[in-house]
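final-v9.txt (compact mmCIF, C-alpha atoms and all ligand atoms) appears below.
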# COMPACT_ATOMS: atom_id res chain seq x y z
CA MET P 154 -4.14 -38.60 -32.30
CA GLY P 155 -3.03 -40.85 -29.46
CA LEU P 156 -4.81 -40.79 -26.13
CA VAL P 157 -2.80 -39.90 -23.05
CA ILE P 158 -3.14 -41.65 -19.70
CA TYR P 159 -1.75 -39.43 -16.95
CA ILE P 160 -0.89 -40.94 -13.57
CA ASP P 161 -0.10 -38.93 -10.43
CA MET P 162 0.43 -40.57 -7.05
CA ASP P 163 -1.72 -39.32 -4.17
CA TYR P 164 0.05 -37.44 -1.31
CA PHE P 165 3.13 -39.27 -2.52
CA PHE P 166 5.82 -38.79 0.17
CA ALA P 167 3.27 -39.13 2.96
CA ALA P 168 1.70 -42.20 1.35
CA CYS P 169 5.15 -43.83 1.17
CA GLU P 170 5.56 -43.18 4.90
CA GLU P 171 2.12 -44.59 5.70
CA LYS P 172 3.07 -47.68 3.76
CA ARG P 173 6.13 -48.51 5.81
CA HIS P 174 4.66 -47.16 9.07
CA PRO P 175 0.98 -48.17 8.95
CA GLU P 176 0.49 -46.81 12.46
CA LEU P 177 0.67 -43.30 10.95
CA LYS P 178 -2.44 -43.97 8.86
CA GLY P 179 -5.83 -42.41 9.47
CA ARG P 180 -4.66 -39.27 11.24
CA PRO P 181 -3.17 -36.03 9.84
CA LEU P 182 0.45 -36.56 8.72
CA ALA P 183 2.96 -34.16 7.20
CA VAL P 184 6.34 -34.85 5.60
CA GLY P 185 8.76 -31.97 5.86
CA THR P 186 12.28 -30.81 5.18
CA SER P 187 13.68 -30.62 8.71
CA ASP P 188 14.63 -33.15 11.37
CA SER P 189 11.84 -34.01 13.74
CA ALA P 190 13.74 -32.33 16.58
CA ASP P 191 13.92 -29.11 14.59
CA LYS P 192 10.74 -29.53 12.60
CA LEU P 193 9.24 -26.12 13.20
CA ARG P 194 11.97 -24.45 11.16
CA GLY P 195 11.20 -26.23 7.88
CA VAL P 196 8.37 -26.43 5.38
CA VAL P 197 5.76 -29.06 4.66
CA GLN P 198 6.59 -30.95 1.47
CA THR P 199 3.31 -32.80 1.42
CA CYS P 200 0.67 -34.13 3.77
CA ASN P 201 -2.04 -36.77 3.73
CA TYR P 202 -5.66 -35.91 2.95
CA GLU P 203 -6.63 -35.98 6.62
CA ALA P 204 -4.18 -33.10 7.16
CA ARG P 205 -5.53 -31.25 4.13
CA LYS P 206 -8.92 -31.05 5.85
CA TYR P 207 -7.28 -28.63 8.26
CA GLY P 208 -5.92 -26.47 5.45
CA ILE P 209 -2.39 -27.84 5.58
CA ARG P 210 -0.64 -27.70 2.18
CA SER P 211 2.66 -28.35 0.38
CA GLY P 212 5.10 -25.46 0.75
CA MET P 213 3.56 -24.22 3.99
CA PRO P 214 5.91 -23.49 6.93
CA THR P 215 5.69 -26.44 9.29
CA LEU P 216 5.10 -24.01 12.13
CA LYS P 217 1.93 -22.84 10.42
CA ALA P 218 0.85 -26.45 9.87
CA PHE P 219 1.11 -27.14 13.59
CA GLN P 220 -0.91 -24.01 14.30
CA LEU P 221 -3.64 -25.38 12.05
CA TYR P 222 -3.58 -28.80 13.73
CA LYS P 223 -1.58 -29.20 16.91
CA ASP P 224 -1.56 -33.01 16.99
CA LEU P 225 -0.12 -33.28 13.49
CA GLN P 226 2.13 -36.30 12.98
CA TYR P 227 5.45 -35.33 11.42
CA VAL P 228 8.14 -37.24 9.50
CA LYS P 229 11.30 -35.90 7.89
CA ALA P 230 11.51 -36.59 4.15
CA ASP P 231 13.59 -39.60 3.05
CA ASP P 232 14.38 -38.78 -0.58
CA ALA P 233 16.27 -41.99 -1.34
CA TYR P 234 13.29 -44.09 -0.32
CA TYR P 235 10.80 -42.06 -2.41
CA GLU P 236 13.18 -42.30 -5.37
CA GLU P 237 13.24 -46.07 -5.04
CA VAL P 238 9.44 -46.28 -4.90
CA SER P 239 9.22 -43.91 -7.85
CA ASN P 240 11.54 -46.15 -9.87
CA ALA P 241 9.37 -49.16 -9.12
CA ILE P 242 6.28 -47.27 -10.32
CA MET P 243 7.98 -46.14 -13.51
CA GLU P 244 9.30 -49.63 -14.25
CA TYR P 245 5.83 -51.08 -13.83
CA LEU P 246 4.33 -48.42 -16.10
CA SER P 247 6.96 -48.87 -18.78
CA SER P 248 6.38 -52.62 -18.69
CA LEU P 249 2.95 -51.90 -20.17
CA GLY P 250 4.80 -51.31 -23.42
CA PHE P 251 3.49 -47.87 -24.38
CA PRO P 252 5.67 -44.79 -24.83
CA LEU P 253 6.15 -43.29 -21.40
CA GLU P 254 7.28 -39.89 -20.19
CA LYS P 255 8.21 -39.42 -16.56
CA MET P 256 6.92 -35.98 -15.63
CA SER P 257 8.14 -35.80 -12.03
CA ILE P 258 9.00 -38.09 -9.15
CA ASP P 259 5.35 -39.12 -8.77
CA GLU P 260 3.79 -38.65 -12.17
CA ALA P 261 4.01 -40.03 -15.67
CA ALA P 262 2.18 -39.82 -18.97
CA ILE P 263 1.75 -42.74 -21.32
CA ASP P 264 0.61 -42.57 -24.92
CA VAL P 265 -1.79 -45.41 -25.61
CA GLY P 266 -2.20 -44.52 -29.28
CA ASP P 267 -5.51 -45.45 -30.86
CA LEU P 268 -6.64 -47.70 -28.02
CA GLY P 269 -9.89 -45.71 -27.71
CA TYR P 270 -11.57 -44.30 -24.60
CA GLY P 271 -13.24 -47.52 -23.47
CA LYS P 272 -10.09 -49.61 -23.51
CA ALA P 273 -7.99 -46.76 -22.11
CA ASN P 274 -10.40 -46.54 -19.21
CA GLU P 275 -10.13 -50.27 -18.55
CA LEU P 276 -6.35 -50.06 -18.70
CA ALA P 277 -6.36 -47.14 -16.27
CA GLU P 278 -8.48 -49.12 -13.82
CA ARG P 279 -6.03 -51.97 -14.07
CA ILE P 280 -3.07 -49.63 -13.49
CA LYS P 281 -4.70 -48.22 -10.35
CA GLU P 282 -5.37 -51.71 -9.10
CA GLU P 283 -1.86 -52.99 -9.88
CA ILE P 284 -0.14 -50.03 -8.23
CA LYS P 285 -2.29 -50.54 -5.16
CA GLN P 286 -1.65 -54.29 -5.08
CA ARG P 287 2.05 -54.25 -5.82
CA LEU P 288 3.12 -51.11 -4.00
CA GLY P 289 0.31 -50.43 -1.57
CA LEU P 290 -0.10 -46.88 -2.84
CA PRO P 291 -3.09 -44.93 -4.18
CA CYS P 292 -2.92 -42.86 -7.35
CA THR P 293 -5.22 -40.83 -9.56
CA ILE P 294 -5.48 -41.09 -13.32
CA GLY P 295 -6.70 -38.70 -16.01
CA ILE P 296 -7.33 -39.60 -19.63
CA SER P 297 -7.64 -37.21 -22.55
CA ILE P 298 -6.31 -36.27 -25.98
CA GLY P 299 -3.07 -34.65 -24.77
CA LYS P 300 -0.88 -34.30 -21.70
CA VAL P 301 -2.36 -30.99 -20.55
CA PHE P 302 -5.99 -32.10 -20.52
CA ALA P 303 -5.07 -35.51 -19.12
CA LYS P 304 -3.21 -33.88 -16.26
CA MET P 305 -6.12 -31.53 -15.59
CA ALA P 306 -8.48 -34.50 -15.52
CA CYS P 307 -6.13 -36.16 -13.05
CA ASP P 308 -6.00 -33.06 -10.81
CA LYS P 309 -9.76 -32.87 -10.83
CA ALA P 310 -10.27 -36.52 -9.90
CA LYS P 311 -7.96 -36.49 -6.84
CA PRO P 312 -7.65 -38.42 -4.61
CA ASP P 313 -7.88 -42.08 -5.67
CA GLY P 314 -9.90 -41.17 -8.75
CA LEU P 315 -10.15 -41.76 -12.46
CA LEU P 316 -11.56 -39.23 -14.90
CA THR P 317 -11.82 -39.38 -18.67
CA LEU P 318 -12.23 -36.17 -20.62
CA ASP P 319 -13.43 -37.31 -24.02
CA GLU P 320 -14.53 -34.88 -26.73
CA VAL P 321 -18.01 -34.57 -25.26
CA HIS P 322 -16.99 -33.92 -21.66
CA LEU P 323 -14.05 -31.76 -22.64
CA HIS P 324 -16.32 -29.04 -23.97
CA GLU P 325 -18.30 -28.85 -20.76
CA PHE P 326 -15.09 -29.00 -18.74
CA LEU P 327 -13.53 -26.03 -20.55
CA LYS P 328 -16.68 -23.97 -20.03
CA SER P 329 -16.93 -24.72 -16.33
CA THR P 330 -13.27 -24.72 -15.25
CA ASP P 331 -11.56 -21.61 -13.91
CA VAL P 332 -8.74 -20.45 -16.16
CA LYS P 333 -6.31 -20.52 -13.24
CA LYS P 334 -6.47 -24.32 -13.30
CA LEU P 335 -4.64 -24.34 -16.63
CA PRO P 336 -1.06 -25.49 -16.14
CA GLY P 337 1.22 -22.54 -16.85
CA VAL P 338 -1.29 -19.87 -15.81
CA GLY P 339 0.33 -18.33 -12.75
CA SER P 340 -0.92 -15.40 -10.71
CA LYS P 341 0.43 -12.78 -13.19
CA SER P 342 -1.20 -14.27 -16.27
CA TYR P 343 -4.32 -14.95 -14.26
CA GLU P 344 -4.60 -11.25 -13.45
CA LYS P 345 -4.10 -10.30 -17.10
CA LEU P 346 -6.70 -12.79 -18.29
CA SER P 347 -9.19 -11.68 -15.64
CA ALA P 348 -8.73 -8.08 -16.77
CA MET P 349 -9.66 -9.25 -20.29
CA GLY P 350 -12.89 -10.66 -18.93
CA VAL P 351 -11.79 -14.30 -18.90
CA LYS P 352 -13.23 -16.50 -16.18
CA SER P 353 -13.47 -20.00 -17.59
CA ILE P 354 -10.93 -21.59 -19.92
CA ALA P 355 -13.42 -21.47 -22.78
CA ASP P 356 -13.74 -17.67 -22.37
CA ILE P 357 -10.25 -17.32 -23.84
CA ARG P 358 -11.85 -17.96 -27.22
CA ASN P 359 -13.58 -14.57 -26.96
CA ILE P 360 -10.25 -12.80 -27.21
CA ASP P 361 -8.54 -11.93 -30.46
CA PRO P 362 -5.73 -14.49 -30.83
CA LEU P 363 -3.38 -11.71 -32.00
CA ARG P 364 -3.92 -9.91 -28.74
CA LEU P 365 -3.17 -13.10 -26.83
CA VAL P 366 0.12 -13.48 -28.68
CA ASP P 367 0.90 -9.82 -27.97
CA GLU P 368 0.31 -10.32 -24.27
CA PHE P 369 1.69 -13.82 -23.75
CA GLY P 370 3.97 -14.60 -26.69
CA SER P 371 3.85 -18.19 -27.90
CA PHE P 372 2.02 -19.22 -24.72
CA GLY P 373 -0.85 -17.06 -26.01
CA ARG P 374 -1.16 -19.29 -29.04
CA GLU P 375 -1.21 -22.36 -26.83
CA LEU P 376 -3.86 -20.82 -24.59
CA TYR P 377 -6.06 -20.15 -27.58
CA ALA P 378 -5.68 -23.70 -28.83
CA LEU P 379 -6.36 -25.27 -25.43
CA ALA P 380 -9.43 -23.10 -24.93
CA GLY P 381 -10.75 -24.49 -28.19
CA GLY P 382 -10.22 -28.06 -27.04
CA ILE P 383 -6.97 -28.56 -28.93
CA ASP P 384 -4.18 -30.09 -26.89
CA GLU P 385 -1.08 -30.84 -28.89
CA SER P 386 1.23 -31.73 -26.01
CA LYS P 387 2.70 -35.11 -26.81
CA VAL P 388 4.24 -37.83 -24.73
CA VAL P 389 7.98 -37.83 -25.36
CA SER P 390 9.33 -41.20 -24.37
CA GLU P 391 12.94 -41.81 -23.50
CA GLU P 392 13.17 -45.02 -25.42
CA ARG P 393 11.25 -46.12 -28.45
CA VAL P 394 9.01 -49.07 -27.95
CA LEU P 395 10.52 -52.06 -29.64
CA SER P 396 9.00 -54.89 -31.49
CA ILE P 397 10.67 -58.16 -32.37
CA SER P 398 9.78 -59.78 -35.66
CA ARG P 399 10.88 -62.57 -37.97
CA GLU P 400 9.85 -63.25 -41.56
CA ARG P 401 10.67 -65.82 -44.20
CA THR P 402 9.81 -66.76 -47.77
CA LEU P 403 7.83 -69.93 -48.39
CA ARG P 404 9.17 -72.65 -50.64
CA GLY P 405 5.82 -72.96 -52.40
CA LEU P 406 4.85 -76.48 -51.33
CA GLU P 407 1.72 -78.19 -52.54
CA ASP P 408 -0.17 -77.75 -49.29
CA GLN P 409 0.20 -74.03 -48.63
CA GLN P 410 -1.66 -74.04 -45.32
CA LYS P 411 0.51 -76.76 -43.91
CA GLU P 412 3.66 -74.99 -44.97
CA ILE P 413 2.47 -71.71 -43.46
CA ASP P 414 1.59 -73.37 -40.16
CA SER P 415 4.93 -75.07 -39.79
CA MET P 416 6.91 -72.00 -40.81
CA LEU P 417 4.91 -69.94 -38.38
CA GLU P 418 5.96 -72.34 -35.63
CA VAL P 419 9.60 -71.79 -36.49
CA LEU P 420 9.24 -68.02 -36.69
CA SER P 421 7.29 -67.85 -33.42
CA LYS P 422 9.97 -69.89 -31.65
CA GLU P 423 12.63 -67.52 -32.93
CA VAL P 424 10.73 -64.49 -31.70
CA ILE P 425 10.21 -66.09 -28.28
CA ALA P 426 13.91 -66.98 -28.05
CA GLU P 427 14.82 -63.38 -28.80
CA LEU P 428 12.34 -62.12 -26.18
CA ASN P 429 13.74 -64.52 -23.60
CA LYS P 430 17.25 -63.39 -24.34
CA ARG P 431 16.18 -59.82 -23.60
CA LYS P 432 14.00 -60.91 -20.66
CA MET P 433 11.00 -59.23 -22.24
CA GLU P 434 7.34 -60.03 -22.62
CA PHE P 435 4.83 -58.88 -25.19
CA GLY P 436 1.33 -57.44 -25.11
CA GLY P 437 0.62 -57.55 -28.83
CA VAL P 438 0.98 -59.92 -31.76
CA GLY P 439 1.20 -58.96 -35.41
CA VAL P 440 1.47 -60.85 -38.68
CA LYS P 441 2.37 -59.90 -42.21
CA VAL P 442 1.66 -61.72 -45.44
CA ARG P 443 3.21 -61.02 -48.84
CA TYR P 444 1.36 -62.52 -51.78
CA VAL P 445 2.89 -63.76 -55.02
CA ASP P 446 1.92 -60.48 -56.71
CA PHE P 447 4.01 -58.72 -54.02
CA SER P 448 1.07 -57.00 -52.38
CA GLU P 449 1.10 -57.18 -48.58
CA LYS P 450 -1.37 -57.32 -45.76
CA VAL P 451 -0.83 -56.95 -42.03
CA ARG P 452 -2.94 -57.67 -39.00
CA ASP P 453 -2.25 -57.04 -35.36
CA ARG P 454 -3.91 -57.66 -32.07
CA SER P 455 -3.34 -56.12 -28.64
CA LEU P 456 -3.68 -58.58 -25.80
CA SER P 457 -5.33 -57.71 -22.51
CA TYR P 458 -2.33 -59.16 -20.65
CA TYR P 459 1.42 -59.60 -21.02
CA SER P 460 3.04 -62.87 -21.86
CA ASN P 461 6.27 -64.53 -22.90
CA SER P 462 4.54 -67.73 -23.92
CA TYR P 463 5.12 -69.40 -27.26
CA ASP P 464 1.55 -70.72 -27.28
CA VAL P 465 0.09 -67.24 -26.88
CA LEU P 466 2.23 -65.87 -29.69
CA TYR P 467 1.63 -68.78 -32.03
CA SER P 468 -2.11 -69.17 -31.48
CA ASN P 469 -2.78 -65.48 -32.07
CA ALA P 470 -0.52 -65.35 -35.10
CA VAL P 471 -1.97 -68.49 -36.66
CA SER P 472 -5.56 -67.31 -36.44
CA MET P 473 -4.71 -63.97 -38.05
CA ILE P 474 -2.54 -65.46 -40.75
CA ARG P 475 -5.12 -68.09 -41.73
CA GLU P 476 -7.56 -65.33 -42.37
CA LEU P 477 -5.08 -63.56 -44.66
CA SER P 478 -3.87 -66.60 -46.53
CA ARG P 479 -7.15 -68.31 -47.30
CA ALA P 480 -7.86 -66.81 -50.70
CA ASN P 481 -4.53 -65.89 -52.25
CA LYS P 482 -1.24 -67.55 -52.93
CA VAL P 483 1.32 -66.53 -50.34
CA ARG P 484 5.02 -65.91 -50.92
CA LYS P 485 6.25 -64.74 -47.54
CA ILE P 486 5.02 -64.54 -43.97
CA GLY P 487 6.15 -62.61 -40.91
CA VAL P 488 5.29 -62.61 -37.21
CA LYS P 489 5.88 -59.84 -34.70
CA ALA P 490 5.66 -59.41 -30.94
CA TYR P 491 5.12 -55.81 -29.90
CA ARG P 492 4.18 -53.65 -26.86
CA LEU P 493 7.22 -55.08 -25.16
CA GLY P 494 7.79 -54.84 -21.46
CA ASN P 495 10.70 -55.67 -19.26
CA MET P 496 10.13 -58.90 -17.40
CA SER P 497 13.22 -58.86 -15.20
CA GLY P 498 12.23 -55.40 -14.01
CA GLN P 499 8.86 -56.62 -12.82
CA LYS P 500 10.15 -59.80 -11.23
CA LYS P 501 12.91 -57.98 -9.47
CA LEU P 502 10.77 -55.17 -8.18
CA PHE P 503 7.58 -56.75 -7.01
P1 LIG F 1 2.47 -33.65 -5.91
O1 LIG F 1 2.10 -34.71 -6.86
O2 LIG F 1 2.29 -32.24 -6.36
O3 LIG F 1 1.63 -33.77 -4.58
P2 LIG F 1 1.28 -35.07 -3.73
O4 LIG F 1 1.58 -36.32 -4.47
O5 LIG F 1 1.94 -34.96 -2.39
O6 LIG F 1 -0.27 -34.93 -3.50
P3 LIG F 1 -1.43 -35.08 -4.60
O7 LIG F 1 -0.78 -35.41 -5.89
O8 LIG F 1 -2.33 -36.15 -4.07
O9 LIG F 1 -2.10 -33.74 -4.60
O10 LIG F 1 3.98 -33.81 -5.48
C1 LIG F 1 4.62 -35.06 -5.39
C2 LIG F 1 5.64 -35.03 -4.27
O11 LIG F 1 6.59 -34.00 -4.50
C3 LIG F 1 5.04 -34.74 -2.92
O12 LIG F 1 4.53 -35.92 -2.28
C4 LIG F 1 6.19 -34.12 -2.18
C5 LIG F 1 6.99 -33.43 -3.25
N1 LIG F 1 6.71 -31.97 -3.23
C6 LIG F 1 7.57 -31.14 -2.51
O13 LIG F 1 8.56 -31.60 -1.95
N2 LIG F 1 7.27 -29.80 -2.44
C7 LIG F 1 6.17 -29.25 -3.05
O14 LIG F 1 5.93 -28.04 -2.93
C8 LIG F 1 5.29 -30.12 -3.77
C9 LIG F 1 4.06 -29.57 -4.43
C10 LIG F 1 5.61 -31.47 -3.83
MG MG F 2 0.99 -36.52 -6.46
MG MG F 3 2.83 -34.93 -8.84
Would you mind writing the file out in structure tokens?
Amino acid sequence: MGLVIYIDMDYFFAACEEKRHPELKGRPLAVGTSDSADKLRGVVQTCNYEARKYGIRSGMPTLKAFQLYKDLQYVKADDAYYEEVSNAIMEYLSSLGFPLEKMSIDEAAIDVGDLGYGKANELAERIKEEIKQRLGLPCTIGISIGKVFAKMACDKAKPDGLLTLDEVHLHEFLKSTDVKKLPGVGSKSYEKLSAMGVKSIADIRNIDPLRLVDEFGSFGRELYALAGGIDESKVVSEERVLSISRERTLRGLEDQQKEIDSMLEVLSKEVIAELNKRKMEFGGVGVKVRYVDFSEKVRDRSLSYYSNSYDVLYSNAVSMIRELSRANKVRKIGVKAYRLGNMSGQKKLF
């Protein structure tokens, strides 16, 4: 199953304001629904972490927030601006080339497939760094086997954190985390579960699953699965990740290696031309070889960076294809660029 990297921006609206008005930084700041002149009538939409130290929270009447901290700095929300920043974040994330699901204005999940925990962690560090560099904003990232656990890891690591819940840590996490932290468990279901003797998420496993379904319907089934460390929530991306490939049959010349190398040059140039036309870059290179007995082999390689360079495509493809074509007689070869990202988007936005 594919790993999920879950990104949520820290104190998003307030962080956007700190970015364009750095003088607001370092002291408690709230962003609310009403005009500054009339601020006490509205509610706090979010606040920076300095304000949270005083107990100020999203959804709280602004009046109450000022009672908690009288020198609170206040800004009225500017939705169009946050939308624009959000779009820039999403465009950067989708340029990584993995399936992406935007979960809200300030959060997204990406499915990194079988990248593995180590590489996913490195990628997450790079994402944090890039978002900070390009946009001047902090975020927190959670990594796990599904969206629910990845989001919970993200919540736990806030602010400016990174937490991976792999199989080993997940077990401990489920035993030590209050069931009310599970997304979807509101105050009503929390009361019900408490009455059944459930404290931690793992405790749900002590209840008969039939009873859970009786009490909670299909959510009961999900609760039981999650409590057992099974998270089947998948990233649903809006657009499928494309790859661009070209293949061609060899003429069967005397010197096979030479023919393969020169055909690979042609194919790589065609792929690059197609990428350029679409203003895209790639983060992975694949090759395919069909032998004279019609059996096939493929190889692919994820790069640690994105590129639109012919040399990068060709050099990776040639090394993989040499390995595949050494022993057997080859009939056809193919080359593919995958994990595509949108270049114009990045250039335009940052
Ligand atoms: P959140 O991600 O829930 O909160 P946050 O980014 O402000 O803080 P953090 O993630 O570090 O805990 O929400 C994203 C934005 O959505 C938030 O900046 C403002 C807006 N929002 C509201 O307008 N009303 C609300 O009740 C909440 C929770 C958020
Ligand atoms: Mg947030
Ligand atoms: Mg959020």
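Taking all atoms listed in the file into account, the protein and nucleic acid residues that come at most 12 Å from ligand MG 3 (chain F) are Tyr159, Ile160, Asp161, Met162, Asp163, Tyr164, Phe165, Phe166, Gln198, Thr199, Ser211, Ser239, Lys255, Met256, Ser257, Ile258, Asp259, Glu260, Ala261, Ala262, Cys292, Thr293, Ile294, Lys304, Met305, Cys307, Asp308, Lys311 and Pro312 of chain P.
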Who sits within 10 Å of Gly208 (chain P), all atoms listed in the file, same chain under 5 positions skipped, as a PDB file with C-alpha atoms, in the coordinates of the input:
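And here is the file that came out, selection27.pdb:
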ATOM      1  CA  TYR P 202      -5.660 -35.910   2.950  1.00  0.00           C
ATOM      2  CA  GLU P 203      -6.630 -35.980   6.620  1.00  0.00           C
ATOM      3  CA  MET P 213       3.560 -24.220   3.990  1.00  0.00           C
ATOM      4  CA  LYS P 217       1.930 -22.840  10.420  1.00  0.00           C
ATOM      5  CA  ALA P 218       0.850 -26.450   9.870  1.00  0.00           C
ATOM      6  CA  LEU P 221      -3.640 -25.380  12.050  1.00  0.00           C
ATOM      7  CA  TYR P 222      -3.580 -28.800  13.730  1.00  0.00           C
TER       8      TYR P 222
END
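Comparing P:Asn359, P:Asn274, P:Ser189, P:Gln410 by their smallest distance to Lys482 (chain P), the closest is P:Gln410 (using all atoms listed in the file).
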Region 449-463 of chain P: axis-aligned bounding box, 8 Å on each side, centre and edge lengths in Å, one decimal, as AutoDock Vina command-line options:
--center_x 0.5 --center_y -62.8 --center_z -34.6 --size_x 27.6 --size_y 29.3 --size_z 43.9
_Residues within 12 Å of (-5.1, -64.5, -44.9), counting all atoms listed in the file, listed as JSON, numbers by chain_ = {"P": [409, 410, 413, 440, 441, 442, 443, 444, 449, 450, 451, 452, 470, 471, 472, 473, 474, 475, 476, 477, 478, 479, 480, 481, 482, 483, 484, 485, 486]}
*CA of Val488 (chain P) to CA of Glu400 (chain P), distance in Å rounded to a single decimal*: 6.3 Å
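Taking CA of Met416 (chain P) and CA of Asn461 (chain P) as endpoints, the distance between them is 19.4 Å.
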*In Å, how far is it from CA of Asn201 (chain P) to CA of Glu282 (chain P)?*
20.0 Å
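Distances here use all atoms listed in the file; by that measure, the residue among P:Ile354, P:Ala190, P:Val388, P:Ala310 closest to ligand MG 2 (chain F) is P:Ala310.
If all atoms listed in the file are the atoms counted, then among P:His174, P:Lys333, P:Lys223, P:Lys229 the closest residue to ligand LIG 1 (chain F) is P:Lys229.
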*asked:* Env of Thr317 (chain P): 8 Å cut, atoms = all atoms listed in the file, seq-sep filter 6 positions within chain, self excluded. Answer as a VMD selection string.
replied: chain P and resid 270 274 295 to 297 303 306
Take the residues from that selection and put them in a file with C-alpha atoms, as a CSV table (one decimal), keeping the file's coordinate frame.
chain,number,residue,atom,x,y,z
P,270,TYR,CA,-11.6,-44.3,-24.6
P,274,ASN,CA,-10.4,-46.5,-19.2
P,295,GLY,CA,-6.7,-38.7,-16.0
P,296,ILE,CA,-7.3,-39.6,-19.6
P,297,SER,CA,-7.6,-37.2,-22.6
P,303,ALA,CA,-5.1,-35.5,-19.1
P,306,ALA,CA,-8.5,-34.5,-15.5
*Hey, which of P:Ala230, P:Val389, P:Leu318, P:Leu456 ends up closest to Leu182 (chain P)? Count only C-alpha atoms.*
P:Ala230
*Measuring atom to atom with only C-alpha atoms and all ligand atoms, identify which of P:Gly314, P:Gly250, P:Gly269, P:Gly289 is nearest to ligand LIG 1 (chain F).*
P:Gly314
*Which one of P:Val419, P:Leu428, P:Leu379, P:Val338 sits closest to Ala355 (chain P) if you count all atoms listed in the file?*
P:Leu379
*Please write as a ChimeraX atom specification the list of polymer residues whose atoms come within 12 Å of (12.8, -37.4, 1.5), counting all atoms listed in the file and keeping to the coordinates of the file.*
/P:165-167,169-170,183-188,197-199,228-239,258
